[in-house]
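> The following block contains the structure, expressed as C-alpha cells.
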Amino acid sequence: MNPQASPPRHAGAALSLFPAPPAVCVAMHDVAPATWTRCASLLKAMSEVAPVPFTLLVVPNYHRQGDRVPDWYEQALREHLARGDELALHGYAHQDEAPLPRTPRQWWRRRIMTAAEGEFSALDTSAARNRLSAGLGWCRQHGWPVEGFVAPAWLLSPGTWQALENLPLSYTTTATGFHLLHPRRSVDMPAIAYSTRSRARLGLSLAWHGLRPLPRAPGVRIALHPDDAGQPAVIRQLQGLLESLLRSRMALTKRAFAAALLGRRPPQAAAGAPAGDKAPYAGSTSASESVASVAPRAEPASTSLG
C-alpha cells in the first residue's frame, strides 16, 4: 500500500529456495517507549490466535523524543527476547529529515503517503550509514542482538542500499520483498498492513484485505502499527487473517525466515502452533503483574505505514 524504492537492478537474482511450508512473519512496527502500551495490546491480540513469534521493529530515538531506555521498557524487550522474539532496527528517529522534496512526485511520496516519516527515503550513502551505525550502536549498548533493518515506510534511497553493503546486517525488507544481504538476494514477501489516518483510508484497508485472496508468496508479513490498536475492526480482521495463514504456513521471525532461505533449519522456538492449540503469551499477565503496565500513557502513534 506504500510506494517504496526498489532495490537496484544489479541487486541479484531471486532466491529459488524458500521454507517448506511457506512462512508468515508477524512484525510490530514503531516500537518505542511512547508507543509500547499500544504495541503490547496488539501483540496480546495476535497471541490469542496462536503463540507465534514476533519481530519487534525498534526505533532508538522515536520522533526525536530522546534515546533513553526506561527500566520497564528494557525489561519488556528482554522478556520478548527470552520467549524467542526478535528485535530489528527500524530507522533511528522515524522522521524524514532530508532536504525538502523537489518534485510533486517526491512531495506526494514523502509528505502525503508517508506523513513525513520515510526516514531513509532520500538520504545519501553517508547520511544513511551514520543513522544505521548510530542505531546499531544503541542496540549494542543495551546488549540487544540485531540482524535486520526495516526502513520506516519501507522506503530505501539508493544511498541507503549502498550503505547496507558495508554494515553487519543480514536482511532488509521493502513493501513487497524480503532481501538477504551480502550478497543481495530477494524473494517475494508482501506485507499486510492497514492505513488508519482517516476514515476513508481505514475503510479502504478493511475492504481490500477482506476481499482479496491470501498471498501465495513464499513469505507473507503481517505488519502491525501502533494505531491499529485503536481499531477493533482492524484487530478482528488481523486475527482472522493470521488464523487463516497459519493453516498452511509456519510462523517465523524474520531472522528465522532468513535462515530458512539459506537452507538452515529454523529454531524450534520460532515455529508457530495450530490456531486451536493456544499457549499463553509471555506478555499476557494481569495488569498487576505485567512489566508493560507501568508504561506512561502512550503518545500519538506514527500515522504512516512503516
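Letters A, B, ... mark the chains of the C-alpha cells in the order given; residue numbers begin at 1 per chain; ligand numbers begin at 1, in order shown.
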Excluding same-chain residues fewer than 3 positions from stretch 129-131 of chain A, what lies within 7 Å of it counting only C-alpha atoms, as a list in words?

Tyr92, Thr125, Ser126, Ala134, Gly135 and Ala163 of chain A

> Please produce a file of those selected residues containing N, CA, C and O atoms, as a compact mmCIF listing (two decimals), in the first residue's frame.


```
# COMPACT_ATOMS: atom_id res chain seq x y z
N TYR A 92 16.25 5.33 12.86
CA TYR A 92 16.80 5.93 14.07
C TYR A 92 15.80 6.87 14.73
O TYR A 92 15.54 6.77 15.92
N THR A 125 24.46 8.14 0.82
CA THR A 125 25.12 7.00 1.46
C THR A 125 25.69 7.34 2.82
O THR A 125 25.53 6.60 3.79
N SER A 126 26.34 8.49 2.93
CA SER A 126 26.96 8.87 4.19
C SER A 126 25.93 9.08 5.29
O SER A 126 26.08 8.59 6.41
N ALA A 134 24.48 4.55 14.11
CA ALA A 134 24.02 5.05 15.41
C ALA A 134 22.97 4.12 16.00
O ALA A 134 22.99 3.82 17.21
N GLY A 135 22.05 3.62 15.16
CA GLY A 135 21.03 2.71 15.65
C GLY A 135 21.61 1.39 16.11
O GLY A 135 21.23 0.86 17.16
N ALA A 163 24.72 1.94 1.62
CA ALA A 163 25.21 1.88 3.00
C ALA A 163 25.07 0.48 3.58
O ALA A 163 25.92 0.03 4.36
```

> Enumerate, as a list in words, the complete set of residues in stretch 126-212 of chain A that a backbone-based DSSP assignment places in strand (DSSP E or B).

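Everything in stretch 126-212 of chain A that counts as strand (DSSP E or B) is Val146, Glu147, Gly148, Phe149, Val150, Tyr171, Thr172, Thr173, Gly177, Phe178, His179, Leu180, Arg185, Ser186, Val187, Asp188, Ala191 and Ile192 of chain A.
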
> Find the residue from A:Cys139, A:Ala50, A:Leu169, A:Ala82 that sits nearest to A:Arg255; use only C-alpha atoms when measuring.

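For A:Arg255, the nearest of the given residues is A:Leu169.
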
> Here is a test: counting only C-alpha atoms, which residue of A:Tyr171, A:Val49, A:Leu246, A:His142 is nearest to A:Asp71?

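Nearest candidate to A:Asp71 out of A:Tyr171, A:Val49, A:Leu246, A:His142: A:His142.
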
> For A:Val150, find every residue with an atom within 10 Å (counting only C-alpha atoms), except residues of its own chain fewer than 5 positions away, and show them as a count of residues only.

17

> Which residues come within 10 Å of A:Ile235, counting only C-alpha atoms, excluding same-chain residues fewer than 4 positions away, as number ranges by chain?

A: 42, 45-46, 224, 228-231, 239-241

> If you run DSSP on the backbone, which residues of stretch 29-256 of chain A are helix (DSSP H, G or I), as a PyMOL selection string?

chain A and resi 33-47+62-64+71-82+104-113+125-141+152-154+158-164+199-211+226-230+232-245+254-256

> To one decimal place, how far is atom CA of A:Ala23 from atom CA of A:Thr176 in Å?

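Distance between the two atoms: 14.5 Å.
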
> Quick one: of A:Thr55, A:Ser47, A:Ser170, A:Thr160, who's nearest to A:Leu132, counting only C-alpha atoms?

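Residue with the minimum atom-to-atom distance to A:Leu132: A:Thr160.
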